[in-house]
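target20.txt (compact mmCIF, C-alpha atoms) appears below.
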# COMPACT_ATOMS: atom_id res chain seq x y z
CA MET A 1 50.81 53.19 7.39
CA GLY A 2 54.52 52.97 7.89
CA ALA A 3 56.94 50.13 7.39
CA ASP A 4 57.74 50.19 11.12
CA GLY A 5 54.39 48.61 11.91
CA MET A 6 52.66 51.84 12.94
CA VAL A 7 49.14 52.08 11.57
CA GLN A 8 47.34 55.35 10.92
CA LEU A 9 43.69 55.25 12.00
CA PHE A 10 40.61 57.39 12.20
CA LEU A 11 37.62 56.50 14.35
CA THR A 12 34.00 57.63 14.36
CA ALA A 13 31.46 57.99 17.15
CA ASP A 14 27.69 58.44 17.14
CA SER A 15 27.46 61.54 19.33
CA HIS A 16 29.49 64.26 21.03
CA LEU A 17 29.20 62.42 24.35
CA ASP A 18 30.49 59.22 22.77
CA MET A 19 33.37 61.23 21.28
CA VAL A 20 34.35 62.57 24.72
CA GLN A 21 34.24 59.09 26.22
CA LEU A 22 36.15 57.64 23.29
CA VAL A 23 38.95 60.17 23.70
CA LYS A 24 39.19 59.39 27.43
CA GLN A 25 39.42 55.67 26.69
CA MET A 26 42.15 56.23 24.11
CA GLU A 27 44.15 58.45 26.44
CA ALA A 28 43.88 55.80 29.18
CA MET A 29 45.38 53.30 26.71
CA GLY A 30 48.35 55.59 26.14
CA LEU A 31 47.24 56.61 22.66
CA GLU A 32 47.46 60.23 21.53
CA PRO A 33 44.11 61.06 19.90
CA GLU A 34 43.66 64.07 17.65
CA VAL A 35 40.03 65.11 17.87
CA LEU A 36 38.00 66.62 15.03
CA TYR A 37 34.76 67.34 16.87
CA HIS A 38 32.95 69.00 13.96
CA GLU A 39 33.68 66.00 11.76
CA HIS A 40 32.93 63.43 14.52
CA LYS A 41 36.34 61.87 13.88
CA VAL A 42 39.33 60.96 16.05
CA LEU A 43 42.73 60.31 14.49
CA CYS A 44 45.66 58.40 15.97
CA SER A 45 48.51 56.06 15.15
CA ALA A 46 49.23 52.78 16.88
CA PRO A 47 51.37 49.66 16.40
CA LEU A 48 49.59 46.89 14.54
CA SER A 49 49.67 44.71 17.68
CA GLU A 50 47.73 47.39 19.58
CA VAL A 51 45.20 47.67 16.77
CA GLU A 52 44.62 43.93 16.97
CA ARG A 53 44.55 43.66 20.76
CA ARG A 54 43.31 46.92 22.29
CA ILE A 55 41.47 49.00 19.70
CA PRO A 56 38.50 46.55 19.64
CA CYS A 57 38.00 47.36 23.35
CA LEU A 58 36.98 50.95 22.54
CA CYS A 59 33.29 50.43 23.27
CA THR A 60 32.15 53.97 22.36
CA ALA A 61 33.68 53.91 18.86
CA GLU A 62 31.25 53.33 16.02
CA ARG A 63 33.84 52.33 13.41
CA VAL A 64 37.63 52.16 13.10
CA PHE A 65 39.28 52.86 9.75
CA LEU A 66 42.71 52.40 8.29
CA CYS A 67 43.57 55.95 7.22
CA LEU A 68 45.05 55.97 3.73
CA ARG A 69 44.90 59.71 3.12
CA ARG A 70 44.35 62.87 5.11
CA GLU A 71 44.01 66.07 3.11
CA ALA A 72 43.65 69.59 4.48
CA LEU A 73 40.76 71.32 2.69
CA SER A 74 39.82 74.96 2.33
CA GLU A 75 37.90 77.18 -0.08
CA GLU A 76 41.12 77.52 -2.11
CA HIS A 77 41.53 73.76 -2.54
CA PRO A 78 40.80 72.62 -6.14
CA LEU A 79 38.19 70.18 -4.87
CA LEU A 80 36.18 72.99 -3.25
CA SER A 81 37.06 75.92 -5.50
CA LYS A 82 34.18 78.22 -6.38
CA GLU A 83 35.43 78.58 -9.95
CA GLY A 84 33.64 75.94 -12.00
CA GLU A 85 32.92 72.37 -10.97
CA PRO A 86 34.85 70.57 -8.21
CA ASP A 87 38.02 68.95 -9.50
CA TYR A 88 37.19 65.28 -8.93
CA GLY A 89 40.63 64.45 -10.29
CA GLU A 90 41.87 65.38 -6.81
CA LEU A 91 39.98 62.41 -5.37
CA GLN A 92 41.53 60.17 -7.99
CA ARG A 93 44.97 61.47 -7.03
CA TRP A 94 44.31 60.52 -3.39
CA VAL A 95 43.37 57.02 -4.49
CA ARG A 96 46.32 56.57 -6.86
CA THR A 97 48.92 57.71 -4.32
CA ALA A 98 47.64 55.57 -1.41
CA ASP A 99 49.55 52.43 -0.39
CA TRP A 100 46.91 49.85 -1.29
CA ALA A 101 49.22 46.84 -1.15
CA THR A 102 49.95 47.55 2.51
CA ALA A 103 46.30 48.35 3.21
CA VAL A 104 45.13 45.01 1.81
CA GLU A 105 47.89 43.25 3.78
CA ARG A 106 46.81 44.99 7.00
CA MET A 107 43.17 44.14 6.31
CA SER A 108 44.06 40.49 5.87
CA GLN A 109 46.17 40.44 9.04
CA LEU A 110 43.44 42.01 11.14
CA HIS A 111 40.85 39.60 9.77
CA GLY A 112 42.99 36.51 10.19
CA ARG A 113 43.67 35.93 6.49
CA ALA A 114 46.98 34.56 5.27
CA ALA A 115 49.12 36.76 3.01
CA ASN A 116 49.68 33.81 0.61
CA PRO A 117 46.69 31.55 1.27
CA ALA A 118 46.60 27.86 0.43
CA PRO A 119 43.90 26.75 -2.05
CA ALA A 120 41.67 25.57 0.81
CA ASP A 121 41.99 28.96 2.52
CA VAL A 122 41.06 30.75 -0.70
CA LYS A 123 37.72 28.95 -0.67
CA LEU A 124 37.21 29.84 2.99
CA HIS A 125 38.40 33.46 2.62
CA PRO A 126 38.05 34.58 -1.00
CA ALA A 127 39.74 37.74 -2.25
CA TRP A 128 38.45 41.08 -0.98
CA ARG A 129 35.62 42.63 -3.00
CA TRP A 130 35.23 46.39 -2.73
CA HIS A 131 32.64 49.12 -3.12
CA VAL A 132 32.73 52.88 -2.51
CA ASP A 133 30.98 55.05 0.07
CA CYS A 134 31.29 58.87 -0.01
CA ARG A 135 30.02 61.16 2.74
CA ARG A 136 30.00 64.95 3.15
CA ARG A 137 29.56 66.97 6.32
CA GLY A 138 29.26 70.74 6.23
CA PRO A 139 26.88 73.61 6.98
CA ARG A 140 24.32 74.69 4.43
CA GLY A 141 25.95 76.91 1.83
CA SER A 142 29.46 75.52 2.37
CA ARG A 143 31.37 74.58 -0.76
CA VAL A 144 31.69 70.98 0.29
CA ARG A 145 27.95 70.75 -0.35
CA GLY A 146 28.75 71.44 -4.00
CA VAL A 147 30.56 68.11 -4.30
CA ASP A 148 28.21 65.70 -6.05
CA ASN A 149 28.26 62.33 -4.30
CA LEU A 150 27.54 60.36 -7.47
CA ALA A 151 30.28 62.13 -9.42
CA ALA A 152 32.70 61.65 -6.52
CA LYS A 153 31.92 57.93 -6.32
CA GLN A 154 32.32 57.51 -10.06
CA SER A 155 35.72 59.23 -10.03
CA VAL A 156 36.95 57.22 -7.03
CA ARG A 157 35.64 53.99 -8.54
CA GLN A 158 37.53 54.59 -11.78
CA ALA A 159 40.83 55.13 -9.94
CA LEU A 160 40.22 52.13 -7.66
CA HIS A 161 39.94 49.82 -10.64
CA GLU A 162 43.42 50.98 -11.67
CA VAL A 163 45.05 50.32 -8.29
CA LEU A 164 43.10 47.35 -6.90
CA ASP A 165 42.56 45.16 -9.97
CA PRO A 166 46.32 44.37 -10.16
CA LEU A 167 46.14 43.24 -6.50
CA GLY A 168 43.35 40.79 -7.25
CA VAL A 169 40.78 42.91 -5.37
CA GLU A 170 37.67 43.21 -7.51
CA HIS A 171 34.72 45.58 -7.52
CA ASP A 172 31.43 44.15 -6.24
CA SER A 173 28.48 46.49 -5.67
CA LYS A 174 26.12 43.72 -4.54
CA THR A 175 28.04 41.61 -2.00
CA PRO A 176 31.21 43.56 -1.13
CA THR A 177 33.49 42.60 1.75
CA MET A 178 35.53 45.83 1.80
CA THR A 179 34.33 49.44 1.84
CA VAL A 180 36.48 52.24 0.48
CA PHE A 181 35.30 55.30 2.39
CA VAL A 182 35.74 58.93 1.36
CA PHE A 183 34.80 61.66 3.84
CA LEU A 184 34.74 65.39 3.04
CA SER A 185 34.20 68.42 5.26
CA PRO A 186 35.11 72.10 4.74
CA HIS A 187 38.42 71.46 6.56
CA VAL A 188 39.52 67.88 5.95
CA GLY A 189 39.25 65.03 3.49
CA LEU A 190 39.79 61.41 4.55
CA LEU A 191 40.26 58.21 2.59
CA GLY A 192 40.06 54.98 4.51
CA VAL A 193 38.91 51.39 4.87
CA PRO A 194 36.90 50.27 7.94
CA VAL A 195 38.43 47.35 9.87
CA PHE A 196 36.28 47.29 13.01
CA GLN A 197 32.68 48.28 13.70
CA ARG A 198 30.29 48.20 16.62
CA HIS A 199 27.49 45.71 16.14
CA ILE A 200 23.94 46.95 16.51
CA ARG A 201 22.23 45.91 19.70
CA GLN A 202 19.84 43.02 19.20
CA GLY A 203 17.04 42.44 21.70
CA ARG A 204 18.21 42.96 25.25
CA PHE A 205 21.75 41.78 24.69
CA PRO A 206 24.28 44.32 23.38
CA HIS A 207 27.42 43.16 21.58
CA LYS A 208 30.45 44.16 23.62
CA GLY A 209 33.38 45.89 21.97
CA LEU A 210 34.14 46.20 18.27
CA HIS A 211 33.95 43.45 15.68
CA HIS A 212 35.61 42.81 12.34
CA ALA A 213 34.19 45.09 9.66
CA THR A 214 33.35 43.67 6.31
CA ALA A 215 31.58 46.05 3.97
CA TRP A 216 29.10 48.09 6.02
Could you take the file, read its structure, and then write that structure out as structure tokens?
Amino acid sequence: MGADGMVQLFLTADSHLDMVQLVKQMEAMGLEPEVLYHEHKVLCSAPLSEVERRIPCLCTAERVFLCLRREALSEEHPLLSKEGEPDYGELQRWVRTADWATAVERMSQLHGRAANPAPADVKLHPAWRWHVDCRRRGPRGSRVRGVDNLAAKQSVRQALHEVLDPLGVEHDSKTPTMTVFVFLSPHVGLLGVPVFQRHIRQGRFPHKGLHHATAW
């Protein structure tokens, strides 16, 4: 996320067909999507105003994330190396080098929260409370399958306490309002925070477009 107002995003879709439709929608909006079909992810950058106004109109997206880190992975990467256990310190390095102050600011802007809220606003919109979600996607036998989700979460959680506690963003595993998401495949690692999500259809009436994402 740059100082010029450009926001780095990655988006997810439920199926290959939804991915194809999502890419077409993004291209029609003048965005330049980078498609990772095997990972079911689409990456792009957009001005913050476009994220607020147009991104929620992407009806085939499942979730939209602020992208805080993109890491190229391979069998030679320390996280996936065959020699010994995965180096979970790499995940902590991703967390420690991410721009969390800007991420929290962007989250607050997109959810209509003031940067310096008045006391009354603090009661209405308390500080963000985070938890961690880690996902892997890879064929059977791939080294990414050797990454232990519990160990990965523990490592990420430890680093998050270091970077988020000073910002007043506290850990809350029971009623979080912010998800820190780590995704790993044999080729790419992503660190992000979801800002929009598609609501699940209820009864006969589907929710149109994307909605603000609190922890999900």
For Arg136 (chain A), work out the shell of residues within 6 Å, counting only C-alpha atoms and skipping chain neighbours fewer than 2 positions away, then give it as a PyMOL selection string.
chain A and resi 183-185
Return the single residue from A:His40, A:Lys153, A:Pro186, A:Val23 that is closest to Gly141 (chain A), with distances computed using only C-alpha atoms.
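That would be A:Pro186, the residue with the smallest distance to Gly141 (chain A).
The nearest approach to Met107 (chain A) among the residues A:Tyr37, A:Phe65, A:Phe181, A:Phe10, with all atoms listed in the file taken into account, belongs to A:Phe65.
Residue neighbourhood of Gln158 (chain A), excluding near-sequence residues (fewer than 6 positions): Tyr88, Gly89, Leu91, Gln92, Arg93, Val95, Arg96, His131, Val132, Ala151, Ala152, Leu164, Asp165 and His171 of chain A, at 12 Å, using all atoms listed in the file.
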Excluding same-chain residues fewer than 5 positions from Pro47 (chain A), what lies within 8 Å of it counting only C-alpha atoms, as a PyMOL selection string?
chain A and resi 5-7
Neighbour list for Val188 (chain A) as a list in words, cut-off 6 Å, only C-alpha atoms, skip fewer than 5 positions in-chain
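Residues meeting the cut-off are Glu71, Ala72 and Leu73 of chain A.
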Which of these residues is nearest to Leu58 (chain A), using only C-alpha atoms: A:Gln197, A:Thr97, A:Ser108, A:Gln25?
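Smallest distance to Leu58 (chain A) is found for A:Gln25.
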In Å, rounded to a single decimal, give me how far CA of Ala103 (chain A) is from CA of Arg137 (chain A).
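Taking CA of Arg137 (chain A) and CA of Ala103 (chain A), their separation equals 25.2 Å.
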If we count only C-alpha atoms and set the cut-off at 8 Å, which residues sit around Glu32 (chain A), ignoring sequence neighbours fewer than 2 positions away in its own chain? Please answer as a PyMOL selection string.
chain A and resi 26-27+30+34+44-45
Correct to one decimal, the distance CA of Arg54 (chain A)-CA of His16 (chain A) is 22.2 Å
Given only C-alpha atoms as the basis, pick out the residue of A:Ser142, A:Arg198, A:Ile55, A:Thr12 nearest to Met29 (chain A).
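Going through A:Ser142, A:Arg198, A:Ile55, A:Thr12 one by one, the smallest distance to Met29 (chain A) is for A:Ile55.
Distances from A:Lys174, A:Glu76, A:Leu167, A:Glu52 to Glu105 (chain A) were compared using only C-alpha atoms, and the smallest one belongs to A:Leu167.
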Have a look at CA of Gly192 (chain A) and CA of Gly168 (chain A) and let me know their distance in Å, one decimal.
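That distance, rounded to one decimal, is 18.7 Å.
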Ranking A:Val163, A:Leu11, A:Val51, A:Val64 by minimum distance to Glu39 (chain A) and counting all atoms listed in the file, which one comes first?
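Of all the options, A:Leu11 lies closest to Glu39 (chain A).
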